[in-house]
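Asks: This structure is in structure tokens; I'll ask about it shortly.
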There are 8 protein chains.
Amino acid sequence: MAWNVYLAGEIHSDWRERIAAGAEDAGLDVTFSSPVTDHGTSDEVGVAILGEERDAFWKDHKGAGVNAIRTQTLIRQADVVVVRFGEQYKQWNAAFDAGYAAALGKPIVALHPEEHNHALKEIDRAAMATAETPEQVVDVLRYVLEGRLPA
Amino acid sequence: MAWNVYLAGEIHSDWRERIAAGAEDAGLDVTFSSPVTDHGTSDEVGVAILGEERDAFWKDHKGAGVNAIRTQTLIRQADVVVVRFGEQYKQWNAAFDAGYAAALGKPIVALHPEEHNHALKEIDRAAMATAETPEQVVDVLRYVLEGRLPA
Amino acid sequence: MAWNVYLAGEIHSDWRERIAAGAEDAGLDVTFSSPVTDHGTSDEVGVAILGEERDAFWKDHKGAGVNAIRTQTLIRQADVVVVRFGEQYKQWNAAFDAGYAAALGKPIVALHPEEHNHALKEIDRAAMATAETPEQVVDVLRYVLEGRLPA
Amino acid sequence: MAWNVYLAGEIHSDWRERIAAGAEDAGLDVTFSSPVTDHGTSDEVGVAILGEERDAFWKDHKGAGVNAIRTQTLIRQADVVVVRFGEQYKQWNAAFDAGYAAALGKPIVALHPEEHNHALKEIDRAAMATAETPEQVVDVLRYVLEGRLPA
Amino acid sequence: MAWNVYLAGEIHSDWRERIAAGAEDAGLDVTFSSPVTDHGTSDEVGVAILGEERDAFWKDHKGAGVNAIRTQTLIRQADVVVVRFGEQYKQWNAAFDAGYAAALGKPIVALHPEEHNHALKEIDRAAMATAETPEQVVDVLRYVLEGRLPA
Amino acid sequence: MAWNVYLAGEIHSDWRERIAAGAEDAGLDVTFSSPVTDHGTSDEVGVAILGEERDAFWKDHKGAGVNAIRTQTLIRQADVVVVRFGEQYKQWNAAFDAGYAAALGKPIVALHPEEHNHALKEIDRAAMATAETPEQVVDVLRYVLEGRLPA
Amino acid sequence: MAWNVYLAGEIHSDWRERIAAGAEDAGLDVTFSSPVTDHGTSDEVGVAILGEERDAFWKDHKGAGVNAIRTQTLIRQADVVVVRFGEQYKQWNAAFDAGYAAALGKPIVALHPEEHNHALKEIDRAAMATAETPEQVVDVLRYVLEGRLPA
Amino acid sequence: MAWNVYLAGEIHSDWRERIAAGAEDAGLDVTFSSPVTDHGTSDEVGVAILGEERDAFWKDHKGAGVNAIRTQTLIRQADVVVVRFGEQYKQWNAAFDAGYAAALGKPIVALHPEEHNHALKEIDRAAMATAETPEQVVDVLRYVLEGRLPA
């Protein structure tokens, strides 16, 4: 059966598209899921649906609740969780998702530039693999599903 | 894959139909389930199938057992649980279902009129979202499944 | 989706066939599973496949192991477990299955003649419903799946 | 070892004191815990500690969060959960706690006047015992811990 | 720390006393627990505390609920569960407890006369050891706790 | 539905092919999965995808991580785990997989030559069946799925 | 019994001491635990005990493994997890711990300056309370344990 | 509170004594447990207590059952599991225990000579630390409990 792979973390680069394209090229039987990656939509969803808030804290709170319905459900359904840390922003949400996945016993693939190695050592330790490029993640998935090394 | 959404609570208004219609209009890949919503049927089922009782307590007990086979199974199968509190009746069953879902780690959407806010504060706190109308619930599901805000 | 219903217990009467026939007549979306109900086959399986034993105890032990692969897997996959106690034999296996299902949180329907009520009180207490006839079990399943009372 | 018994629900009568006094008289090895039962304190705790709120909804939300740290932890630590429904108010929180305890597999003792029997049938079904007086709860605890019936 | 050993099953012979005496003689750091073993008390507890019933079924049901608070809690607290089958009665409750313990992953020691071997093969298979005498159970506990064989 | 059977252990003989062929001949509704059985590929995968290592320990570590994504996921998805021990090598990985499966409550079939009986006694004890030939494993699966003994 | 409170996150300010001092002043029955907070010790532990590494990545990996034995065990033992985010550094480890605690169902208290509100919205949503000062955390603990508001 | 550390694996060298002595010298608040390490006693226990067997397989089976009561209970109670592989024998039991501990989420410390690195790569990957000497294990425990590096 198809494996469910959840792609957590950074939303400001095209890494998800590169993994999806690579998996399609490789013909892998994988279904990808992810958080909502449109930043503005994700930030506005709480108040857009459930009513305006005067305080920024509660606006964020409402939005984070709606987003959590999606993200926590998808992580629970996932067979593998890929967590991407980009070069900018705090990205605490990505690290939270990694911890959440780890406690559920989901295998994690960490994806980040080498410069973050020291800061991400606990997450790399909890991961089964640390990659630097989306193409390496595709290679991991090809191997995991089909037992083939990259050409 | 389709998400399973369990619609718990009030059985005296058309909120389930409104959610189902809205989800169909939006083309969402959702399967809804619910308790048996015909009040008389639900009350009679124990004695109708398993034999008459002299005491009302045991009549209720028998019926509640048969209903629990349905409700607890469907809550366990659900990805999301919507809990509706209407304007009348004790509705302790709805609150029980919310607690049951919360302990299983299911994301909850609470649905109730504003006047119940104080009395339902613990359930709203356990929920990921609190809505006042069925249409807002459809909007939450559209976002959660497809990442789109209401038009 | 179809519900999985495991039919545990007595193998010397036609109760499983009566439930299956009733469910088919009612058009219920149910998949039934059961232990191997051919007594001789079930008793011989261990030594027939894995080699003869000199001691009856180990012959039974081998057979019980192979049967447990089937029964425990099917109970884990089940949405509902029906446990039948007939009029003869110790049937400790049926009671074991009931306890196993109860600890896994599976809803149980007990099925037995009234004369066993006192001896089965703990199992009836753990069950969501106690029936005396296979037809009542079909009625319970119809209600649980479709919300309809018997005609 | 001492059993932990959590006393959930109604905060407007002296039922907790009557159970505690009865257990002490009986010399039972029981430790009782409960939510914060001072209504005003419980309602104010969120804003009193974590800062004022302009909206009643968020005031309630903050308070419910702090109270949940206490109640959910104590329910998880409990061996037995007693849930009391009084004659007034919605008491949805009590029903939520019952559902929460049920999903965790905690044995529940329901305590309420007979007039609530029909409205509480699902919770009575999930409970191992339904009592009408605090003294009956003490009797249940005495039996459960020491195997003795009331004199 | 002391091991908790739950002694399930037959209540009509002195096997619990023999195990307890043997463990004390051996100086084992064990705490024993058991169901209420006074037959009459156990049968009457429901109606004695919670009110009379007209139907025997509900009298049993009430009593079984109160007893289950004790037995299921003690099984959950146990490190080891000993299940005894005597020579008389159906003893379905003992088999239920064995299944309940097995699904919780508790190690089981079965204790019964050889004549029950075939009828108890599934329970013996689920057990880690099958003994015929209480003294053998003491020997098992001595070994398990202290690594010593019987003299 | 098809059963998932994970074939753990030895990778230097054709036992997996023999089981698969036998299951196909028997028309069993089974899906098999396994670790990557090409020794060289399995050893190289870490450095081939994620970059060279100077130390053999870390080369192995990287490779073992990628392989674990596959093996632990497949064991979690399995209904039955077959663990094969051949005549050569340490095969600690096979024993690790057996322990992992046992703690998850998966039924285990051990497959090994008689000469390993003493060394594998703990794993045989944790298994539901011990076979010496792949054909016996097919026989076990046929019985477990279809209730039929070998002809 | 004493509550176990794990203090996760920032190690460059005196917030742990302030909470401990406040709890002691208040006479709370709390046991605090934390990661190793000496930065140099924490970074060096892997190679200091288990041997030098040539690559910084593996030095970090070794150290993170040893630290994880401590942190994951203490989080599992905790009744409440406080997660502190300071004003500097990435602090991904703190966010990972929050996710890990959330998936285990531990109640979380977030502690951070207001300026991080937006970046920490998902973690604040997963938390039962968000505080800005250590003294507020003491107030939360006092209330949760003793039901008293700050004077 | 004291940490429970289970010492699994090799029984033919003094590594347990060296760890215990080192921990005592360091004043660590640790309780050690282990399988029965007297080889002859461990092999004989089944038949010595529960009766002779004609077949070596069933003699081993009986003994393995009694030993499993001890080992699986102690692993479940452990906070940390140390698994030692010596230079001789198959030691499949040690690898089984490692897999069992891993699936339960227990942190593992592997202890073995460097020559086993390749054969134990999967177990080292599942471990949080790999040590070559008992003294390193003591150092890990000192750090984990007290945050101190070796002098």
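Ordered as shown in the structure tokens, chains take letters A, B, and onward, while each chain numbers its residues from 1 and ligands are numbered from 1 in the order shown.
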From the DSSP assignment of the backbone, select every residue of region 70-144 of chain G that is strand (DSSP E), and format the answer as a list in words.
Replies: Val80, Val81, Val82, Val83, Arg84, Ile108, Val109, Ala110, Leu111, Ala129, Thr130 and Ala131 of chain G
Asks: Residues at most 7 Å from region 136-149 of chain F, counting only C-alpha atoms, excluding those fewer than 2 positions away in the same chain, as a ChimeraX atom specification?
Replies: /C:36,41,45,49-50,66-67,69-70 /F:19,22-23,28,131,133-134,151
Asks: When DSSP works through the backbone of this structure, what residues of region 59-90 of chain A end up as helix (DSSP H, G or I), shown as a PDB file with all heavy atoms, in the first residue's frame?
Replies:
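And here's states30.pdb as it stands now:
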```
ATOM      1  N   LYS A  59      -5.893  36.047  18.147  1.00  0.00           N
ATOM      2  CA  LYS A  59      -5.975  35.794  16.695  1.00  0.00           C
ATOM      3  C   LYS A  59      -5.056  34.614  16.337  1.00  0.00           C
ATOM      4  O   LYS A  59      -5.460  33.690  15.624  1.00  0.00           O
ATOM      5  CB  LYS A  59      -5.551  37.042  15.912  1.00  0.00           C
ATOM      6  CG  LYS A  59      -5.506  36.799  14.409  1.00  0.00           C
ATOM      7  CD  LYS A  59      -4.960  37.996  13.644  1.00  0.00           C
ATOM      8  CE  LYS A  59      -4.720  37.614  12.182  1.00  0.00           C
ATOM      9  NZ  LYS A  59      -4.164  38.730  11.398  1.00  0.00           N
ATOM     10  N   ASP A  60      -3.844  34.665  16.848  1.00  0.00           N
ATOM     11  CA  ASP A  60      -2.900  33.567  16.583  1.00  0.00           C
ATOM     12  C   ASP A  60      -3.399  32.250  17.169  1.00  0.00           C
ATOM     13  O   ASP A  60      -3.259  31.186  16.577  1.00  0.00           O
ATOM     14  CB  ASP A  60      -1.533  33.895  17.200  1.00  0.00           C
ATOM     15  CG  ASP A  60      -0.739  34.855  16.341  1.00  0.00           C
ATOM     16  OD1 ASP A  60      -1.055  35.000  15.147  1.00  0.00           O
ATOM     17  OD2 ASP A  60       0.205  35.461  16.871  1.00  0.00           O
ATOM     18  N   HIS A  61      -3.969  32.359  18.361  1.00  0.00           N
ATOM     19  CA  HIS A  61      -4.451  31.172  19.065  1.00  0.00           C
ATOM     20  C   HIS A  61      -5.549  30.471  18.265  1.00  0.00           C
ATOM     21  O   HIS A  61      -5.535  29.247  18.101  1.00  0.00           O
ATOM     22  CB  HIS A  61      -4.977  31.607  20.428  1.00  0.00           C
ATOM     23  CG  HIS A  61      -5.145  30.515  21.426  1.00  0.00           C
ATOM     24  ND1 HIS A  61      -4.101  29.975  22.131  1.00  0.00           N
ATOM     25  CD2 HIS A  61      -6.243  29.855  21.856  1.00  0.00           C
ATOM     26  CE1 HIS A  61      -4.557  29.049  22.954  1.00  0.00           C
ATOM     27  NE2 HIS A  61      -5.858  28.953  22.802  1.00  0.00           N
ATOM     28  N   LYS A  62      -6.493  31.283  17.776  1.00  0.00           N
ATOM     29  CA  LYS A  62      -7.576  30.714  16.965  1.00  0.00           C
ATOM     30  C   LYS A  62      -7.026  30.037  15.718  1.00  0.00           C
ATOM     31  O   LYS A  62      -7.435  28.933  15.347  1.00  0.00           O
ATOM     32  CB  LYS A  62      -8.526  31.825  16.532  1.00  0.00           C
ATOM     33  CG  LYS A  62      -9.695  32.065  17.447  1.00  0.00           C
ATOM     34  CD  LYS A  62     -10.629  33.075  16.767  1.00  0.00           C
ATOM     35  CE  LYS A  62     -11.957  33.186  17.480  1.00  0.00           C
ATOM     36  NZ  LYS A  62     -12.778  34.281  16.892  1.00  0.00           N
ATOM     37  N   GLY A  63      -6.127  30.721  15.057  1.00  0.00           N
ATOM     38  CA  GLY A  63      -5.562  30.174  13.827  1.00  0.00           C
ATOM     39  C   GLY A  63      -4.765  28.904  14.093  1.00  0.00           C
ATOM     40  O   GLY A  63      -4.858  27.910  13.351  1.00  0.00           O
ATOM     41  N   ALA A  64      -3.994  28.926  15.169  1.00  0.00           N
ATOM     42  CA  ALA A  64      -3.167  27.749  15.481  1.00  0.00           C
ATOM     43  C   ALA A  64      -4.039  26.546  15.797  1.00  0.00           C
ATOM     44  O   ALA A  64      -3.672  25.403  15.499  1.00  0.00           O
ATOM     45  CB  ALA A  64      -2.245  28.065  16.656  1.00  0.00           C
ATOM     46  N   GLY A  65      -5.207  26.770  16.393  1.00  0.00           N
ATOM     47  CA  GLY A  65      -6.116  25.661  16.682  1.00  0.00           C
ATOM     48  C   GLY A  65      -6.603  24.999  15.404  1.00  0.00           C
ATOM     49  O   GLY A  65      -6.578  23.778  15.262  1.00  0.00           O
ATOM     50  N   VAL A  66      -7.053  25.818  14.464  1.00  0.00           N
ATOM     51  CA  VAL A  66      -7.563  25.258  13.205  1.00  0.00           C
ATOM     52  C   VAL A  66      -6.430  24.538  12.459  1.00  0.00           C
ATOM     53  O   VAL A  66      -6.618  23.442  11.937  1.00  0.00           O
ATOM     54  CB  VAL A  66      -8.196  26.361  12.328  1.00  0.00           C
ATOM     55  CG1 VAL A  66      -8.648  25.776  10.993  1.00  0.00           C
ATOM     56  CG2 VAL A  66      -9.382  26.991  13.065  1.00  0.00           C
ATOM     57  N   ASN A  67      -5.271  25.151  12.413  1.00  0.00           N
ATOM     58  CA  ASN A  67      -4.149  24.489  11.747  1.00  0.00           C
ATOM     59  C   ASN A  67      -3.774  23.172  12.428  1.00  0.00           C
ATOM     60  O   ASN A  67      -3.391  22.207  11.761  1.00  0.00           O
ATOM     61  CB  ASN A  67      -2.933  25.429  11.699  1.00  0.00           C
ATOM     62  CG  ASN A  67      -3.036  26.430  10.559  1.00  0.00           C
ATOM     63  OD1 ASN A  67      -3.044  26.050   9.397  1.00  0.00           O
ATOM     64  ND2 ASN A  67      -3.172  27.706  10.889  1.00  0.00           N
ATOM     65  N   ALA A  68      -3.890  23.128  13.759  1.00  0.00           N
ATOM     66  CA  ALA A  68      -3.513  21.907  14.481  1.00  0.00           C
ATOM     67  C   ALA A  68      -4.438  20.740  14.142  1.00  0.00           C
ATOM     68  O   ALA A  68      -4.024  19.584  14.176  1.00  0.00           O
ATOM     69  CB  ALA A  68      -3.500  22.160  15.983  1.00  0.00           C
ATOM     70  N   ILE A  69      -5.708  21.025  13.838  1.00  0.00           N
ATOM     71  CA  ILE A  69      -6.607  19.937  13.418  1.00  0.00           C
ATOM     72  C   ILE A  69      -5.985  19.229  12.226  1.00  0.00           C
ATOM     73  O   ILE A  69      -5.969  17.991  12.151  1.00  0.00           O
ATOM     74  CB  ILE A  69      -8.001  20.486  13.040  1.00  0.00           C
ATOM     75  CG1 ILE A  69      -8.656  21.149  14.259  1.00  0.00           C
ATOM     76  CG2 ILE A  69      -8.887  19.358  12.502  1.00  0.00           C
ATOM     77  CD1 ILE A  69      -9.989  21.829  13.924  1.00  0.00           C
ATOM     78  N   ARG A  70      -5.481  20.036  11.290  1.00  0.00           N
ATOM     79  CA  ARG A  70      -4.881  19.463  10.087  1.00  0.00           C
ATOM     80  C   ARG A  70      -3.533  18.779  10.396  1.00  0.00           C
ATOM     81  O   ARG A  70      -3.330  17.612  10.051  1.00  0.00           O
ATOM     82  CB  ARG A  70      -4.651  20.569   9.062  1.00  0.00           C
ATOM     83  CG  ARG A  70      -3.945  20.076   7.800  1.00  0.00           C
ATOM     84  CD  ARG A  70      -3.819  21.221   6.797  1.00  0.00           C
ATOM     85  NE  ARG A  70      -3.035  20.863   5.649  1.00  0.00           N
ATOM     86  CZ  ARG A  70      -3.514  20.675   4.417  1.00  0.00           C
ATOM     87  NH1 ARG A  70      -4.786  20.811   4.199  1.00  0.00           N
ATOM     88  NH2 ARG A  70      -2.712  20.356   3.415  1.00  0.00           N
ATOM     89  N   THR A  71      -2.654  19.497  11.046  1.00  0.00           N
ATOM     90  CA  THR A  71      -1.282  18.983  11.163  1.00  0.00           C
ATOM     91  C   THR A  71      -1.208  17.763  12.085  1.00  0.00           C
ATOM     92  O   THR A  71      -0.553  16.772  11.762  1.00  0.00           O
ATOM     93  CB  THR A  71      -0.330  20.078  11.672  1.00  0.00           C
ATOM     94  OG1 THR A  71      -0.788  20.560  12.923  1.00  0.00           O
ATOM     95  CG2 THR A  71      -0.259  21.227  10.687  1.00  0.00           C
ATOM     96  N   GLN A  72      -1.891  17.809  13.213  1.00  0.00           N
ATOM     97  CA  GLN A  72      -1.776  16.674  14.135  1.00  0.00           C
ATOM     98  C   GLN A  72      -2.443  15.430  13.563  1.00  0.00           C
ATOM     99  O   GLN A  72      -1.979  14.308  13.759  1.00  0.00           O
ATOM    100  CB  GLN A  72      -2.326  17.046  15.514  1.00  0.00           C
ATOM    101  CG  GLN A  72      -1.439  18.117  16.170  1.00  0.00           C
ATOM    102  CD  GLN A  72      -1.863  18.493  17.578  1.00  0.00           C
ATOM    103  OE1 GLN A  72      -2.707  17.840  18.190  1.00  0.00           O
ATOM    104  NE2 GLN A  72      -1.266  19.543  18.110  1.00  0.00           N
ATOM    105  N   THR A  73      -3.540  15.616  12.834  1.00  0.00           N
ATOM    106  CA  THR A  73      -4.185  14.466  12.201  1.00  0.00           C
ATOM    107  C   THR A  73      -3.266  13.856  11.144  1.00  0.00           C
ATOM    108  O   THR A  73      -3.100  12.627  11.077  1.00  0.00           O
ATOM    109  CB  THR A  73      -5.522  14.889  11.564  1.00  0.00           C
ATOM    110  OG1 THR A  73      -6.358  15.429  12.591  1.00  0.00           O
ATOM    111  CG2 THR A  73      -6.224  13.696  10.917  1.00  0.00           C
ATOM    112  N   LEU A  74      -2.663  14.695  10.333  1.00  0.00           N
ATOM    113  CA  LEU A  74      -1.807  14.180   9.264  1.00  0.00           C
ATOM    114  C   LEU A  74      -0.548  13.514   9.827  1.00  0.00           C
ATOM    115  O   LEU A  74      -0.079  12.501   9.291  1.00  0.00           O
ATOM    116  CB  LEU A  74      -1.446  15.307   8.294  1.00  0.00           C
ATOM    117  CG  LEU A  74      -2.633  15.837   7.471  1.00  0.00           C
ATOM    118  CD1 LEU A  74      -2.205  17.041   6.633  1.00  0.00           C
ATOM    119  CD2 LEU A  74      -3.231  14.750   6.579  1.00  0.00           C
ATOM    120  N   ILE A  75       0.007  14.075  10.894  1.00  0.00           N
ATOM    121  CA  ILE A  75       1.174  13.416  11.502  1.00  0.00           C
ATOM    122  C   ILE A  75       0.769  12.047  12.047  1.00  0.00           C
ATOM    123  O   ILE A  75       1.484  11.066  11.885  1.00  0.00           O
ATOM    124  CB  ILE A  75       1.796  14.298  12.608  1.00  0.00           C
ATOM    125  CG1 ILE A  75       2.423  15.549  11.984  1.00  0.00           C
ATOM    126  CG2 ILE A  75       2.847  13.516  13.410  1.00  0.00           C
ATOM    127  CD1 ILE A  75       2.982  16.541  12.998  1.00  0.00           C
ATOM    128  N   ARG A  76      -0.389  11.962  12.664  1.00  0.00           N
ATOM    129  CA  ARG A  76      -0.846  10.662  13.181  1.00  0.00           C
ATOM    130  C   ARG A  76      -1.053   9.656  12.048  1.00  0.00           C
ATOM    131  O   ARG A  76      -0.862   8.457  12.232  1.00  0.00           O
ATOM    132  CB  ARG A  76      -2.144  10.816  13.980  1.00  0.00           C
ATOM    133  CG  ARG A  76      -1.923  11.471  15.331  1.00  0.00           C
ATOM    134  CD  ARG A  76      -3.195  11.536  16.173  1.00  0.00           C
ATOM    135  NE  ARG A  76      -2.928  12.161  17.452  1.00  0.00           N
ATOM    136  CZ  ARG A  76      -2.511  11.531  18.540  1.00  0.00           C
ATOM    137  NH1 ARG A  76      -2.347  10.214  18.504  1.00  0.00           N
ATOM    138  NH2 ARG A  76      -2.265  12.167  19.660  1.00  0.00           N
ATOM    139  N   GLN A  77      -1.479  10.129  10.886  1.00  0.00           N
ATOM    140  CA  GLN A  77      -1.710   9.215   9.757  1.00  0.00           C
ATOM    141  C   GLN A  77      -0.423   8.855   9.014  1.00  0.00           C
ATOM    142  O   GLN A  77      -0.419   7.928   8.199  1.00  0.00           O
ATOM    143  CB  GLN A  77      -2.688   9.854   8.761  1.00  0.00           C
ATOM    144  CG  GLN A  77      -4.105  10.031   9.302  1.00  0.00           C
ATOM    145  CD  GLN A  77      -5.000  10.787   8.329  1.00  0.00           C
ATOM    146  OE1 GLN A  77      -4.519  11.404   7.397  1.00  0.00           O
ATOM    147  NE2 GLN A  77      -6.304  10.729   8.563  1.00  0.00           N
TER     148      GLN A  77
END
```
Asks: Could you list, as a ChimeraX atom specification, every residue of chain D that has an atom within 6 Å of an atom of chain B, counting only C-alpha atoms?
Replies: /D:60-61,64,92,95-97,99-100,103,121-122,125
Asks: One decimal, in Å: what's the spacing between CA of Pro150 (chain F) and CA of Ala48 (chain C)?
Replies: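 Calculated distance between CA of Pro150 (chain F) and CA of Ala48 (chain C) is 7.8 Å.
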Asks: Skip Val83 (chain F) itself and residues of its chain fewer than 3 positions away, then list as a PyMOL selection string all residues within 6 Å of it, counting only C-alpha atoms.
Replies: chain F and resi 8-9+110-111
Asks: So what do you get for CA of Val5 (chain E) versus CA of Asp79 (chain E), distance-wise?
Replies: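 Separation of CA of Val5 (chain E) and CA of Asp79 (chain E): 6.0 Å.
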Asks: Figure out the distance between CA of Arg16 (chain D) and CA of Gly86 (chain D), please, to one decimal in Å.
Replies: 12.1 Å
Asks: Residues at most 12 Å from Glu17 (chain E), counting only C-alpha atoms, excluding those fewer than 4 positions away in the same chain, as a CSV table (one decimal) with N, CA and C atoms, in the first residue's frame?
Replies:
```
chain,number,residue,atom,x,y,z
E,7,LEU,N,-4.3,-12.7,42.5
E,7,LEU,CA,-4.7,-14.1,42.6
E,7,LEU,C,-6.1,-14.3,42.1
E,11,ILE,N,-12.7,-19.6,44.3
E,11,ILE,CA,-12.8,-19.1,45.7
E,11,ILE,C,-13.3,-20.2,46.7
E,12,HIS,N,-13.2,-21.4,46.3
E,12,HIS,CA,-13.8,-22.5,47.2
E,12,HIS,C,-12.7,-23.4,47.7
E,13,SER,N,-11.4,-23.1,47.6
E,13,SER,CA,-10.4,-23.9,48.3
E,13,SER,C,-9.4,-22.9,48.9
E,21,ALA,N,1.1,-18.2,52.5
E,21,ALA,CA,1.9,-18.8,53.6
E,21,ALA,C,3.3,-19.2,53.0
E,22,GLY,N,3.3,-19.8,51.8
E,22,GLY,CA,4.6,-20.2,51.2
E,22,GLY,C,5.5,-19.0,50.9
E,23,ALA,N,4.9,-17.9,50.5
E,23,ALA,CA,5.6,-16.7,50.2
E,23,ALA,C,6.2,-16.1,51.4
E,24,GLU,N,5.4,-16.2,52.5
E,24,GLU,CA,5.9,-15.6,53.7
E,24,GLU,C,7.0,-16.4,54.3
E,32,PHE,N,0.1,-9.5,47.8
E,32,PHE,CA,-1.0,-10.3,47.1
E,32,PHE,C,-2.3,-9.5,47.1
E,33,SER,N,-3.0,-9.6,46.0
E,33,SER,CA,-4.4,-9.0,46.0
E,33,SER,C,-5.3,-10.1,45.4
E,34,SER,N,-6.5,-9.9,45.5
E,34,SER,CA,-7.5,-10.9,45.0
E,34,SER,C,-8.9,-10.2,44.9
E,37,THR,N,-13.4,-12.9,48.1
E,37,THR,CA,-13.5,-14.3,48.0
E,37,THR,C,-14.7,-14.9,48.9
E,134,PRO,N,-0.3,-25.0,44.5
E,134,PRO,CA,0.1,-23.6,45.0
E,134,PRO,C,1.6,-23.5,45.3
E,135,GLU,N,2.1,-24.7,45.8
E,135,GLU,CA,3.5,-24.6,46.1
E,135,GLU,C,4.4,-24.4,44.9
E,138,VAL,N,4.5,-20.7,44.4
E,138,VAL,CA,5.5,-20.1,45.3
E,138,VAL,C,6.9,-20.3,44.8
```
